[in-house]
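*Asks:* Input: one structure, supplied below.
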Amino acid sequence: MRNLILPLSDEAIRELKVGDPVALSGVMVTGRDAVHKWLIETFIKKTRAPQGDDLAVYEAIQPLLTGSAIYHCGPVVSGLDTKDYRFVAAGPTTSTREEPYQGDVMRHFNIKAVIGKGGMGPKTLAACREAPGVYLHAIGGAASLIAQTVERVLGVYKLDFGVPEAMWVIEVRNFPAVVTMDAHGYSLHAEVESRSKAELDRLLTA
Amino acid sequence: MRDLTEPLVELIRRTSTDLPPDVEQALTAAREREAAGSAARGALEAILQNVELSRRNSTPICQDTGTPIFYVHYPAGWSTRRLREQIRDAVAQATQRAYLRPNAVDALTEKNSGNNLGDEAFPTIHFEEVEGEELIVDLMLKGGGCENVGAQYSLPNSALGAGRDLAGVRKAVLDAVHKAQGQGCAPGILGVAIGGDRGSSYYASKEVLLRQMEESNPDSQLAALETRLTEEANRLGIGPMGFGGQTTVLGVKMTGMHRLPASFFVTVSYMCWAHRRRRMLVRGDEVVYD
C-alpha cells in the first residue's frame, strides 16, 4: 500500500504503476456529469458565457484542483438543512461518461489524479501520459466504507446542480483505491477488455 | 385502511442498508475463489466489509440508491391511490433521513427535485390485486451504473451469429456481459427476459431479479441455461470491478414470455453486486420484514 498525500508531485505520479493499491490523504473535490459539462462549456471551450456565481466558483475551485484529484462521486450527505454537512455514503460513480471531457479538464487544471470506477478510455489515458496523471479505481458500491475516510466536508459549490452533482470539497484520510491507468500508458481496463473479447469470440464460435 | 407510511420507511431503510443474506453469501463464496493478494480479492474484501459496516451503522450500502421500484401485491379492499400516496411520503421521508440520495432529476430542466419524487414513474410502483388477506411489498433499489449497461437484442443478430432460439439467447447474454465489463459494478446478477415487446421485456427482466440467488428456474431448459451462462460469463475473466478475476457474475435469472411472430427480444437487466431487494408483509395489524 502506497500512501499518497494530496496535492501530488509529478515524481510521485510517475512512480505509480497499474495494480498498485494506494491510500490518499488530503483535500479533493468531487465532480461528475454536470460539473464536467459546465467546466468544458463555460471555461474550456467557452461556448457558453459565465453566469451567476460561475466565475466566483471557478476562482475557488481552481487552486483546489491544481495538482490534486477530482473524484467522480455523488454522495449521500446528511445535515443538508443545518449545513453541518457529513458524508454518509460516498462510493465512486461510473467514470466513462466523463471520457469526452476528462482529458481537457485534466490539462486545464493540471489535475493529477482522477478517481472513479469502471476505468476510462484512450483520451484520458493520453492525458495521463502528458500530465503526468493517473486514474485511481475506488471500489464501486463500497459507499459506507469510503465515507468513513472522509474526515471533513470543507465546503460545497454548485449545490443548485443537486446533491449528487455538486462539487463537494472534502478532506480525506487513507482513502483506498487501486491504480488502474498509469502515466506510462498502461491501462488495466484495456487489457481486461481485450482478453475478455478473445474469450467471448471463442465462446461465440464454440 | 391502515397507514403504512412508517412501515414503508423501515422497508426502505432495510433495503438500502442491509444486503439480503443470499446475496452476501454469494459474495463471500466469490471472495474465496479469488487468489490471495489479488486486486479482485481486495475488491471483494472491501465490498464485504462495507456490507457489514452499512448494516451496523444503518447507512446506505451504495450512495447510488437508484430508482426505488416497488412491487405491491394487495388483497381486495386496499386503495392503490392511497397506497401510492403513502409510498411517495415514505420515499420523501427516507430521503430526508439519508437512507436515500435525492435521485429524481427532471430530464428537461435538469432540476433535482431533492426528495426523490418525480413523475408517475419515479418512484416506480407496480400494483397487482391478489387473493387472500396479505399485502406484500417488494422493494428493489436499482442504481444507475448497472442500469446503464442493461441491453436489449432483437434476434436474429448476424454480428453475433445469434438466431431465434436459446442458442441465440446465450450469445446475446454473453455479449452483454462483455460489453458491460466492470462498469455495472461486477460481479453482477443478470435478469434476462426472452420474448415480449421492448417495454414488457425490460419490465420482466427486472422483476425476475426478485428471485432468490439459489432458487432454481422452474423451467428445466432455462435452469440449465442459467447455470451454463453463469459459468461461461465467468470464463470471460472480467472479474470483480473489472479488475480481472474468477467471478464476473454471481448468477443469472431468466424468464420466458410470449412474443409477436415478428419479434424476438432478449433483454438483459444487469444488477450490480449491491443487489438491494427486501420484502414487507402486512397481515392485519402485523408487519413482517423478510
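Quick note on naming: the chains in the C-alpha cells go A, B, ... in the order shown, residues restart at 1 in each chain, and ligands are numbered from 1 in order of appearance.
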Select all residues from chain B having any atom no more than 8 Å from an atom of chain A (counting only C-alpha atoms, ignoring ligands), output as number ranges by chain.
*Replies:* B: 39, 43, 46-47, 49-51, 53-54, 59-64, 97-98, 100-103, 110-112, 114, 145, 160-161, 171, 174-175, 178, 181-185, 232, 235-238, 241-244, 274
*Asks:* Generate a file of the selected residues that holds C-alpha atoms, formatted as a CSV table (one decimal), in the first residue's frame.
*Replies:*
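Okay, this is what ended up in out_34.csv:
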chain,number,residue,atom,x,y,z
B,39,ALA,CA,-7.0,-6.8,-6.8
B,43,ALA,CA,-12.3,-5.6,-4.0
B,46,ALA,CA,-13.8,-4.2,0.8
B,47,ILE,CA,-17.3,-5.0,-0.5
B,49,GLN,CA,-16.6,-5.0,4.9
B,50,ASN,CA,-18.8,-2.3,3.5
B,51,VAL,CA,-21.9,-4.6,3.7
B,53,LEU,CA,-20.5,-1.6,8.2
B,54,SER,CA,-23.6,-0.4,6.4
B,59,THR,CA,-26.0,3.8,6.3
B,60,PRO,CA,-26.6,3.2,2.5
B,61,ILE,CA,-24.6,0.3,1.1
B,62,CYS,CA,-24.1,2.4,-2.0
B,63,GLN,CA,-24.5,6.1,-2.4
B,64,ASP,CA,-26.5,5.5,-5.6
B,97,ARG,CA,-33.2,10.7,6.8
B,98,ALA,CA,-30.4,10.0,4.4
B,100,LEU,CA,-31.8,7.5,0.0
B,101,ARG,CA,-29.9,10.0,-2.1
B,102,PRO,CA,-32.1,12.6,-3.8
B,103,ASN,CA,-32.1,11.0,-7.3
B,110,GLU,CA,-32.0,19.4,-15.1
B,111,LYS,CA,-33.6,20.2,-11.7
B,112,ASN,CA,-33.2,17.6,-8.9
B,114,GLY,CA,-34.5,17.0,-3.8
B,145,GLY,CA,-24.3,2.4,-13.2
B,160,LEU,CA,-23.2,-12.3,-33.1
B,161,GLY,CA,-24.4,-15.2,-35.2
B,171,LYS,CA,-24.8,-15.5,-27.4
B,174,LEU,CA,-22.6,-13.3,-23.2
B,175,ASP,CA,-22.2,-10.2,-25.5
B,178,HIS,CA,-18.6,-8.5,-22.3
B,181,GLN,CA,-17.1,-5.1,-18.4
B,182,GLY,CA,-16.8,-3.9,-14.8
B,183,GLN,CA,-19.0,-0.8,-15.3
B,184,GLY,CA,-22.1,-2.2,-13.8
B,185,CYS,CA,-20.2,-3.0,-10.6
B,232,GLU,CA,-19.4,-19.0,-19.3
B,235,ARG,CA,-14.8,-17.6,-18.1
B,236,LEU,CA,-14.6,-14.1,-19.7
B,237,GLY,CA,-12.4,-13.2,-16.7
B,238,ILE,CA,-13.7,-9.6,-16.3
B,241,MET,CA,-14.9,-4.3,-10.6
B,242,GLY,CA,-13.4,-5.4,-14.0
B,243,PHE,CA,-10.1,-6.0,-12.3
B,244,GLY,CA,-9.8,-9.4,-13.9
B,274,ALA,CA,-25.3,-4.5,-4.3
*Asks:* For Tyr135 (chain A), find every residue with an atom within 12 Å (counting only C-alpha atoms), except residues of its own chain fewer than 2 positions away, and show them as number ranges by chain.
*Replies:* A: 13, 16-22, 69-72, 95-96, 99, 102-103, 106, 111-122, 124-129, 131-133, 137-138, 177-189
*Asks:* Can you write just those residues out, C-alpha atoms, as a short mmCIF file (atom, residue, chain, number, x, y, z; two decimals), in the first residue's frame?
*Replies:*
data_model
loop_
_atom_site.label_atom_id
_atom_site.label_comp_id
_atom_site.auth_asym_id
_atom_site.auth_seq_id
_atom_site.Cartn_x
_atom_site.Cartn_y
_atom_site.Cartn_z
CA ILE A 13 2.76 10.10 -10.05
CA LEU A 16 2.80 4.64 -9.67
CA LYS A 17 2.10 1.52 -11.73
CA VAL A 18 -1.08 -0.26 -12.71
CA GLY A 19 -2.06 -2.62 -9.89
CA ASP A 20 -0.63 -0.53 -7.03
CA PRO A 21 -3.02 -0.14 -4.10
CA VAL A 22 -2.94 3.40 -2.71
CA ALA A 69 -7.60 14.93 -7.50
CA ILE A 70 -11.12 15.01 -8.86
CA TYR A 71 -13.47 12.34 -7.54
CA HIS A 72 -16.37 11.04 -9.64
CA SER A 95 -16.24 7.30 -14.96
CA THR A 96 -16.64 6.52 -18.64
CA GLU A 99 -14.41 10.33 -21.20
CA GLN A 102 -11.79 14.42 -18.78
CA GLY A 103 -8.54 14.86 -20.72
CA MET A 106 -7.11 17.48 -16.55
CA ILE A 111 -5.26 17.61 -12.29
CA LYS A 112 -3.02 14.72 -11.28
CA ALA A 113 -5.46 12.04 -10.25
CA VAL A 114 -8.90 11.08 -11.48
CA ILE A 115 -10.80 8.84 -9.08
CA GLY A 116 -13.81 6.81 -10.10
CA LYS A 117 -14.87 3.35 -11.15
CA GLY A 118 -15.02 1.30 -14.33
CA GLY A 119 -11.97 2.94 -15.94
CA MET A 120 -11.72 5.39 -18.82
CA GLY A 121 -10.72 5.34 -22.46
CA PRO A 122 -7.85 6.37 -24.74
CA THR A 124 -7.95 10.10 -20.70
CA LEU A 125 -5.07 7.63 -20.96
CA ALA A 126 -3.28 10.06 -23.30
CA ALA A 127 -3.86 12.91 -20.84
CA CYS A 128 -2.42 10.74 -18.04
CA ARG A 129 0.74 10.34 -20.12
CA ALA A 131 0.09 15.46 -17.36
CA PRO A 132 1.50 13.12 -15.90
CA GLY A 133 -1.53 11.73 -14.16
CA HIS A 137 -10.16 2.98 -9.18
CA ALA A 138 -12.19 3.06 -5.98
CA ALA A 177 -8.07 2.95 -4.36
CA VAL A 178 -6.10 0.97 -6.93
CA VAL A 179 -4.10 2.41 -9.84
CA THR A 180 -5.72 1.04 -12.99
CA MET A 181 -4.36 3.56 -15.55
CA ASP A 182 -0.87 4.99 -15.11
CA ALA A 183 1.31 7.75 -16.56
CA HIS A 184 3.26 5.23 -18.62
CA GLY A 185 0.41 4.39 -20.96
CA TYR A 186 -0.81 1.22 -19.26
CA SER A 187 -4.49 0.57 -18.66
CA LEU A 188 -5.78 -2.46 -16.81
CA HIS A 189 -9.17 -1.79 -18.41
#
*Asks:* Give the answer as one residue: which of B:His73, B:Ala193, B:Arg259, B:Thr247 has the shortest atom-to-atom distance to Phe127 (chain B), using only C-alpha atoms?
*Replies:*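 Closest to Phe127 (chain B) of all the choices is B:His73.
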*Asks:* Can you check which residues of region 81-280 of chain B DSSP gives as strand (DSSP E) on the backbone and send them as a PyMOL selection string?
*Replies:* chain B and resi 124-130+135-142+151-154+188-194+249-256+265-271+276-280
*Asks:* Using only N, CA and C atoms, please write the residues we just selected to a file, as a compact mmCIF listing (two decimals), in the first residue's frame.
*Replies:*
# COMPACT_ATOMS: atom_id res chain seq x y z
N THR B 124 -40.95 4.14 -9.04
CA THR B 124 -41.77 3.24 -9.84
C THR B 124 -42.59 2.35 -8.91
N ILE B 125 -43.88 2.27 -9.19
CA ILE B 125 -44.75 1.44 -8.33
C ILE B 125 -45.61 0.55 -9.22
N HIS B 126 -45.50 -0.76 -9.02
CA HIS B 126 -46.35 -1.70 -9.75
C HIS B 126 -47.38 -2.27 -8.78
N PHE B 127 -48.64 -2.22 -9.16
CA PHE B 127 -49.71 -2.76 -8.31
C PHE B 127 -50.33 -3.99 -8.94
N GLU B 128 -50.63 -4.98 -8.09
CA GLU B 128 -51.41 -6.11 -8.59
C GLU B 128 -52.30 -6.64 -7.47
N GLU B 129 -53.58 -6.79 -7.76
CA GLU B 129 -54.51 -7.31 -6.76
C GLU B 129 -54.37 -8.83 -6.70
N VAL B 130 -54.36 -9.35 -5.46
CA VAL B 130 -54.19 -10.80 -5.29
C VAL B 130 -55.28 -11.36 -4.36
N LEU B 135 -50.93 -8.35 2.37
CA LEU B 135 -50.40 -7.38 1.43
C LEU B 135 -48.88 -7.54 1.43
N ILE B 136 -48.30 -7.66 0.25
CA ILE B 136 -46.85 -7.85 0.17
C ILE B 136 -46.25 -6.71 -0.65
N VAL B 137 -45.22 -6.08 -0.09
CA VAL B 137 -44.50 -5.04 -0.83
C VAL B 137 -43.06 -5.50 -1.01
N ASP B 138 -42.64 -5.67 -2.25
CA ASP B 138 -41.23 -5.92 -2.55
C ASP B 138 -40.63 -4.61 -3.02
N LEU B 139 -39.44 -4.32 -2.53
CA LEU B 139 -38.74 -3.11 -2.97
C LEU B 139 -37.37 -3.49 -3.52
N MET B 140 -37.07 -2.92 -4.67
CA MET B 140 -35.74 -3.10 -5.26
C MET B 140 -35.17 -1.71 -5.51
N LEU B 141 -33.90 -1.51 -5.15
CA LEU B 141 -33.23 -0.25 -5.46
C LEU B 141 -32.23 -0.54 -6.58
N LYS B 142 -32.44 0.07 -7.73
CA LYS B 142 -31.56 -0.24 -8.85
C LYS B 142 -30.78 0.99 -9.26
N ALA B 151 -29.11 -4.16 -21.63
CA ALA B 151 -29.09 -4.22 -23.10
C ALA B 151 -30.29 -5.00 -23.62
N GLN B 152 -30.68 -4.65 -24.83
CA GLN B 152 -31.77 -5.38 -25.46
C GLN B 152 -31.34 -5.77 -26.88
N TYR B 153 -31.57 -7.02 -27.24
CA TYR B 153 -31.19 -7.53 -28.56
C TYR B 153 -32.45 -7.95 -29.30
N SER B 154 -32.47 -7.67 -30.58
CA SER B 154 -33.54 -8.14 -31.43
C SER B 154 -32.94 -9.24 -32.30
N GLY B 188 -22.00 -9.00 -11.09
CA GLY B 188 -23.42 -8.67 -11.14
C GLY B 188 -24.31 -9.88 -11.14
N ILE B 189 -25.60 -9.60 -11.16
CA ILE B 189 -26.62 -10.64 -11.28
C ILE B 189 -27.44 -10.24 -12.51
N LEU B 190 -27.64 -11.18 -13.43
CA LEU B 190 -28.35 -10.84 -14.66
C LEU B 190 -29.80 -11.27 -14.59
N GLY B 191 -30.69 -10.34 -14.93
CA GLY B 191 -32.09 -10.66 -15.14
C GLY B 191 -32.32 -10.68 -16.64
N VAL B 192 -32.79 -11.81 -17.17
CA VAL B 192 -32.93 -11.94 -18.62
C VAL B 192 -34.37 -12.31 -18.97
N ALA B 193 -34.98 -11.52 -19.86
CA ALA B 193 -36.31 -11.85 -20.36
C ALA B 193 -36.19 -12.21 -21.84
N ILE B 194 -36.89 -13.28 -22.22
CA ILE B 194 -36.88 -13.73 -23.61
C ILE B 194 -38.29 -13.56 -24.15
N VAL B 249 -20.06 -12.73 -12.88
CA VAL B 249 -21.47 -12.68 -12.46
C VAL B 249 -21.70 -13.67 -11.32
N LEU B 250 -22.59 -13.27 -10.41
CA LEU B 250 -22.92 -14.14 -9.28
C LEU B 250 -24.03 -15.11 -9.66
N GLY B 251 -24.82 -14.74 -10.65
CA GLY B 251 -25.92 -15.61 -11.06
C GLY B 251 -26.68 -15.02 -12.23
N VAL B 252 -27.49 -15.88 -12.85
CA VAL B 252 -28.33 -15.45 -13.98
C VAL B 252 -29.75 -15.92 -13.70
N LYS B 253 -30.72 -15.04 -13.87
CA LYS B 253 -32.14 -15.36 -13.65
C LYS B 253 -32.89 -15.10 -14.95
N MET B 254 -33.57 -16.12 -15.46
CA MET B 254 -34.20 -15.96 -16.78
C MET B 254 -35.70 -16.22 -16.73
N THR B 255 -36.40 -15.58 -17.66
CA THR B 255 -37.83 -15.84 -17.77
C THR B 255 -38.25 -15.78 -19.24
N GLY B 256 -39.18 -16.66 -19.59
CA GLY B 256 -39.69 -16.68 -20.97
C GLY B 256 -41.04 -15.96 -21.02
N PHE B 265 -37.13 -10.64 -28.76
CA PHE B 265 -36.24 -9.81 -27.96
C PHE B 265 -35.57 -10.61 -26.85
N VAL B 266 -34.32 -10.27 -26.63
CA VAL B 266 -33.61 -10.76 -25.45
C VAL B 266 -33.23 -9.52 -24.67
N THR B 267 -33.72 -9.42 -23.46
CA THR B 267 -33.47 -8.21 -22.67
C THR B 267 -32.70 -8.57 -21.41
N VAL B 268 -31.61 -7.86 -21.20
CA VAL B 268 -30.75 -8.14 -20.05
C VAL B 268 -30.76 -6.94 -19.12
N SER B 269 -31.24 -7.15 -17.90
CA SER B 269 -31.07 -6.13 -16.86
C SER B 269 -29.91 -6.57 -15.99
N TYR B 270 -28.93 -5.70 -15.90
CA TYR B 270 -27.73 -6.01 -15.12
C TYR B 270 -27.93 -5.42 -13.73
N MET B 271 -27.85 -6.26 -12.72
CA MET B 271 -27.92 -5.77 -11.35
C MET B 271 -26.52 -5.82 -10.76
N ARG B 276 -29.97 -4.81 -3.87
CA ARG B 276 -30.79 -4.42 -2.72
C ARG B 276 -32.25 -4.70 -3.01
N ARG B 277 -32.76 -5.76 -2.40
CA ARG B 277 -34.19 -6.08 -2.53
C ARG B 277 -34.67 -6.62 -1.18
N ARG B 278 -35.80 -6.13 -0.75
CA ARG B 278 -36.37 -6.54 0.54
C ARG B 278 -37.87 -6.63 0.42
N ARG B 279 -38.48 -7.41 1.33
CA ARG B 279 -39.92 -7.64 1.30
C ARG B 279 -40.56 -7.28 2.64
N MET B 280 -41.75 -6.72 2.54
CA MET B 280 -42.55 -6.40 3.72
C MET B 280 -43.92 -7.06 3.54
*Asks:* Which residue is closest to Pro68 (chain B)? Choose from B:Ala180, B:Leu4, B:Ala94, B:Ala262 and count only C-alpha atoms.
*Replies:*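 Among the listed residues, the smallest separation from Pro68 (chain B) belongs to B:Ala94.
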*Asks:* Hey, what's within 9 Å of Asn174 (chain A) if we count only C-alpha atoms and toss same-chain stuff fewer than 4 positions away? As a PyMOL selection string, please?
*Replies:* chain A and resi 3-4+22-26+149-150
*Asks:* DSSP says helix (DSSP H, G or I) for which residues of region 38-146 of chain B? Put them as a VMD selection string?
*Replies:* chain B and resid 39 to 57 80 to 96 144 to 146
*Asks:* Could you write out that same residue set with N, CA and C atoms as an mmCIF file, in the first residue's frame?
*Replies:*
data_model
loop_
_atom_site.group_PDB
_atom_site.id
_atom_site.type_symbol
_atom_site.label_atom_id
_atom_site.label_comp_id
_atom_site.auth_asym_id
_atom_site.auth_seq_id
_atom_site.Cartn_x
_atom_site.Cartn_y
_atom_site.Cartn_z
ATOM 1 N N ALA B 39 -6.102 -8.004 -6.839
ATOM 2 C CA ALA B 39 -6.988 -6.829 -6.778
ATOM 3 C C ALA B 39 -8.438 -7.289 -6.669
ATOM 4 N N ALA B 40 -8.755 -8.413 -7.336
ATOM 5 C CA ALA B 40 -10.125 -8.938 -7.304
ATOM 6 C C ALA B 40 -10.514 -9.326 -5.876
ATOM 7 N N ARG B 41 -9.610 -9.991 -5.178
ATOM 8 C CA ARG B 41 -9.910 -10.387 -3.808
ATOM 9 C C ARG B 41 -10.004 -9.160 -2.895
ATOM 10 N N GLY B 42 -9.112 -8.218 -3.122
ATOM 11 C CA GLY B 42 -9.151 -6.974 -2.355
ATOM 12 C C GLY B 42 -10.485 -6.263 -2.534
ATOM 13 N N ALA B 43 -10.997 -6.256 -3.757
ATOM 14 C CA ALA B 43 -12.280 -5.594 -4.031
ATOM 15 C C ALA B 43 -13.400 -6.287 -3.263
ATOM 16 N N LEU B 44 -13.415 -7.620 -3.300
ATOM 17 C CA LEU B 44 -14.484 -8.354 -2.610
ATOM 18 C C LEU B 44 -14.366 -8.230 -1.092
ATOM 19 N N GLU B 45 -13.136 -8.139 -0.608
ATOM 20 C CA GLU B 45 -12.968 -7.926 0.838
ATOM 21 C C GLU B 45 -13.547 -6.571 1.246
ATOM 22 N N ALA B 46 -13.250 -5.546 0.451
ATOM 23 C CA ALA B 46 -13.789 -4.205 0.752
ATOM 24 C C ALA B 46 -15.314 -4.203 0.660
ATOM 25 N N ILE B 47 -15.834 -4.901 -0.344
ATOM 26 C CA ILE B 47 -17.284 -4.981 -0.524
ATOM 27 C C ILE B 47 -17.939 -5.622 0.701
ATOM 28 N N LEU B 48 -17.371 -6.713 1.180
ATOM 29 C CA LEU B 48 -17.974 -7.417 2.323
ATOM 30 C C LEU B 48 -17.833 -6.621 3.619
ATOM 31 N N GLN B 49 -16.717 -5.931 3.761
ATOM 32 C CA GLN B 49 -16.556 -5.038 4.930
ATOM 33 C C GLN B 49 -17.609 -3.934 4.900
ATOM 34 N N ASN B 50 -17.811 -3.408 3.701
ATOM 35 C CA ASN B 50 -18.778 -2.327 3.531
ATOM 36 C C ASN B 50 -20.206 -2.794 3.849
ATOM 37 N N VAL B 51 -20.520 -4.023 3.449
ATOM 38 C CA VAL B 51 -21.851 -4.580 3.720
ATOM 39 C C VAL B 51 -22.081 -4.648 5.237
ATOM 40 N N GLU B 52 -21.077 -5.106 5.933
ATOM 41 C CA GLU B 52 -21.147 -5.239 7.387
ATOM 42 C C GLU B 52 -21.294 -3.861 8.068
ATOM 43 N N LEU B 53 -20.474 -2.942 7.609
ATOM 44 C CA LEU B 53 -20.478 -1.592 8.178
ATOM 45 C C LEU B 53 -21.817 -0.877 7.933
ATOM 46 N N SER B 54 -22.362 -1.035 6.742
ATOM 47 C CA SER B 54 -23.630 -0.388 6.392
ATOM 48 C C SER B 54 -24.757 -0.917 7.263
ATOM 49 N N ARG B 55 -24.734 -2.233 7.484
ATOM 50 C CA ARG B 55 -25.762 -2.853 8.320
ATOM 51 C C ARG B 55 -25.661 -2.329 9.750
ATOM 52 N N ARG B 56 -24.425 -2.272 10.267
ATOM 53 C CA ARG B 56 -24.215 -1.861 11.647
ATOM 54 C C ARG B 56 -24.601 -0.395 11.856
ATOM 55 N N ASN B 57 -24.231 0.460 10.909
ATOM 56 C CA ASN B 57 -24.457 1.900 11.091
ATOM 57 C C ASN B 57 -25.744 2.399 10.452
ATOM 58 N N THR B 80 -55.334 1.666 -4.051
ATOM 59 C CA THR B 80 -53.996 1.852 -4.647
ATOM 60 C C THR B 80 -53.632 3.336 -4.695
ATOM 61 N N ARG B 81 -54.662 4.178 -4.766
ATOM 62 C CA ARG B 81 -54.384 5.619 -4.764
ATOM 63 C C ARG B 81 -53.754 6.031 -3.439
ATOM 64 N N ARG B 82 -54.340 5.518 -2.340
ATOM 65 C CA ARG B 82 -53.777 5.890 -1.022
ATOM 66 C C ARG B 82 -52.438 5.201 -0.776
ATOM 67 N N LEU B 83 -52.309 3.970 -1.243
ATOM 68 C CA LEU B 83 -51.011 3.286 -1.100
ATOM 69 C C LEU B 83 -49.914 4.061 -1.837
ATOM 70 N N ARG B 84 -50.262 4.562 -3.018
ATOM 71 C CA ARG B 84 -49.283 5.340 -3.781
ATOM 72 C C ARG B 84 -48.856 6.585 -2.998
ATOM 73 N N GLU B 85 -49.827 7.263 -2.392
ATOM 74 C CA GLU B 85 -49.503 8.459 -1.597
ATOM 75 C C GLU B 85 -48.573 8.103 -0.438
ATOM 76 N N GLN B 86 -48.884 6.971 0.213
ATOM 77 C CA GLN B 86 -48.072 6.570 1.373
ATOM 78 C C GLN B 86 -46.656 6.177 0.946
ATOM 79 N N ILE B 87 -46.557 5.487 -0.190
ATOM 80 C CA ILE B 87 -45.229 5.111 -0.695
ATOM 81 C C ILE B 87 -44.431 6.375 -1.014
ATOM 82 N N ARG B 88 -45.076 7.333 -1.647
ATOM 83 C CA ARG B 88 -44.363 8.572 -2.001
ATOM 84 C C ARG B 88 -43.958 9.354 -0.747
ATOM 85 N N ASP B 89 -44.835 9.393 0.243
ATOM 86 C CA ASP B 89 -44.463 10.043 1.514
ATOM 87 C C ASP B 89 -43.271 9.341 2.152
ATOM 88 N N ALA B 90 -43.308 8.019 2.135
ATOM 89 C CA ALA B 90 -42.231 7.237 2.761
ATOM 90 C C ALA B 90 -40.905 7.477 2.038
ATOM 91 N N VAL B 91 -40.951 7.571 0.720
ATOM 92 C CA VAL B 91 -39.731 7.818 -0.054
ATOM 93 C C VAL B 91 -39.147 9.191 0.297
ATOM 94 N N ALA B 92 -40.001 10.195 0.405
ATOM 95 C CA ALA B 92 -39.525 11.542 0.751
ATOM 96 C C ALA B 92 -38.925 11.555 2.164
ATOM 97 N N GLN B 93 -39.589 10.854 3.082
ATOM 98 C CA GLN B 93 -39.067 10.810 4.462
ATOM 99 C C GLN B 93 -37.744 10.066 4.536
ATOM 100 N N ALA B 94 -37.638 8.961 3.808
ATOM 101 C CA ALA B 94 -36.389 8.179 3.808
ATOM 102 C C ALA B 94 -35.245 8.998 3.204
ATOM 103 N N THR B 95 -35.571 9.876 2.271
ATOM 104 C CA THR B 95 -34.554 10.737 1.665
ATOM 105 C C THR B 95 -34.084 11.767 2.698
ATOM 106 N N GLN B 96 -35.055 12.314 3.418
ATOM 107 C CA GLN B 96 -34.766 13.275 4.487
ATOM 108 C C GLN B 96 -33.836 12.658 5.546
ATOM 109 N N GLY B 144 -27.885 3.530 -11.103
ATOM 110 C CA GLY B 144 -27.739 3.972 -12.485
ATOM 111 C C GLY B 144 -26.580 3.324 -13.230
ATOM 112 N N GLY B 145 -25.495 3.031 -12.516
ATOM 113 C CA GLY B 145 -24.330 2.428 -13.186
ATOM 114 C C GLY B 145 -24.688 1.109 -13.839
ATOM 115 N N CYS B 146 -25.402 0.272 -13.103
ATOM 116 C CA CYS B 146 -25.779 -1.026 -13.661
ATOM 117 C C CYS B 146 -26.942 -0.883 -14.637
#
*Asks:* Can you tell me how far CA of Thr5 (chain B) sits from CA of Tyr203 (chain B), in Å to one decimal?
*Replies:*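 That distance, rounded to one decimal, is 25.7 Å.
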*Asks:* Fewer than 4 positions away in the same chain doesn't count, so skip those; otherwise give me all residues within 6 Å of Thr248 (chain B), counting only C-alpha atoms, as a PyMOL selection string.
*Replies:* chain B and resi 186-187+234+238-240
*Asks:* Do a neighbour search on region 166-170 of chain A at 8 Å with only C-alpha atoms, toss out local chain neighbours closer than 5 positions, and write the hits as a list in words.
*Replies:*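 Near neighbours after the sequence-gap exclusion: Val27, Met28, Val29, Thr30, Gly31, Val35, Gly74, Val150, Glu151, Arg152, Val153, Leu154, Gly155, Val156, Tyr157, Lys158, Leu159, Asp160 and Phe161 of chain A.
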*Asks:* Keeping C-alpha atoms, export the residues of the selection given above as an mmCIF file, in the first residue's frame.
*Replies:*
data_model
loop_
_atom_site.group_PDB
_atom_site.id
_atom_site.type_symbol
_atom_site.label_atom_id
_atom_site.label_comp_id
_atom_site.auth_asym_id
_atom_site.auth_seq_id
_atom_site.Cartn_x
_atom_site.Cartn_y
_atom_site.Cartn_z
ATOM 1 C CA VAL A 27 -8.141 17.670 0.068
ATOM 2 C CA MET A 28 -10.003 16.612 -3.071
ATOM 3 C CA VAL A 29 -13.088 17.791 -4.945
ATOM 4 C CA THR A 30 -16.000 15.743 -6.245
ATOM 5 C CA GLY A 31 -17.221 16.366 -9.761
ATOM 6 C CA VAL A 35 -19.629 19.625 -13.435
ATOM 7 C CA GLY A 74 -22.392 11.742 -5.999
ATOM 8 C CA VAL A 150 -13.942 11.460 4.602
ATOM 9 C CA GLU A 151 -12.960 13.318 7.736
ATOM 10 C CA ARG A 152 -14.484 16.681 6.928
ATOM 11 C CA VAL A 153 -16.610 18.410 4.353
ATOM 12 C CA LEU A 154 -14.845 21.726 3.816
ATOM 13 C CA GLY A 155 -17.414 23.246 1.516
ATOM 14 C CA VAL A 156 -19.724 22.804 -1.422
ATOM 15 C CA TYR A 157 -20.085 24.607 -4.748
ATOM 16 C CA LYS A 158 -22.889 24.462 -7.280
ATOM 17 C CA LEU A 159 -25.337 22.840 -4.914
ATOM 18 C CA ASP A 160 -28.011 24.006 -7.366
ATOM 19 C CA PHE A 161 -26.807 21.136 -9.616
#
*Asks:* Can you list, as a list in words, every protein, DNA or RNA residue that comes within 10 Å of Asp119 (chain B) when you count only C-alpha atoms, leaving out same-chain residues fewer than 5 positions away?
*Replies:*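 Everything that qualifies: Ala104, Val105, Asp106 and Thr124 of chain B.
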*Asks:* Write the residues of the preceding selection, restricted to N, CA and C atoms, as a short mmCIF file (atom, residue, chain, number, x, y, z; two decimals), in the first residue's frame.
*Replies:*
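Generated output (out-v1.cif):
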data_model
loop_
_atom_site.label_atom_id
_atom_site.label_comp_id
_atom_site.auth_asym_id
_atom_site.auth_seq_id
_atom_site.Cartn_x
_atom_site.Cartn_y
_atom_site.Cartn_z
N ALA B 104 -34.07 12.08 -8.19
CA ALA B 104 -35.02 12.35 -9.28
C ALA B 104 -34.67 13.67 -9.97
N VAL B 105 -34.14 13.56 -11.18
CA VAL B 105 -33.71 14.73 -11.94
C VAL B 105 -34.63 14.92 -13.14
N ASP B 106 -35.21 16.11 -13.27
CA ASP B 106 -36.07 16.41 -14.42
C ASP B 106 -35.19 16.44 -15.68
N THR B 124 -40.95 4.14 -9.04
CA THR B 124 -41.77 3.24 -9.84
C THR B 124 -42.59 2.35 -8.91
#
*Asks:* Just give me the gap between CA of Gln25 (chain B) and CA of Glu226 (chain B) in Å, one decimal is fine.
*Replies:* 18.5 Å
*Asks:* In Å to one decimal, how far is CA of Phe264 (chain B) from CA of Leu166 (chain B)?
*Replies:*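 Going from CA of Leu166 (chain B) over to CA of Phe264 (chain B) covers 10.9 Å.
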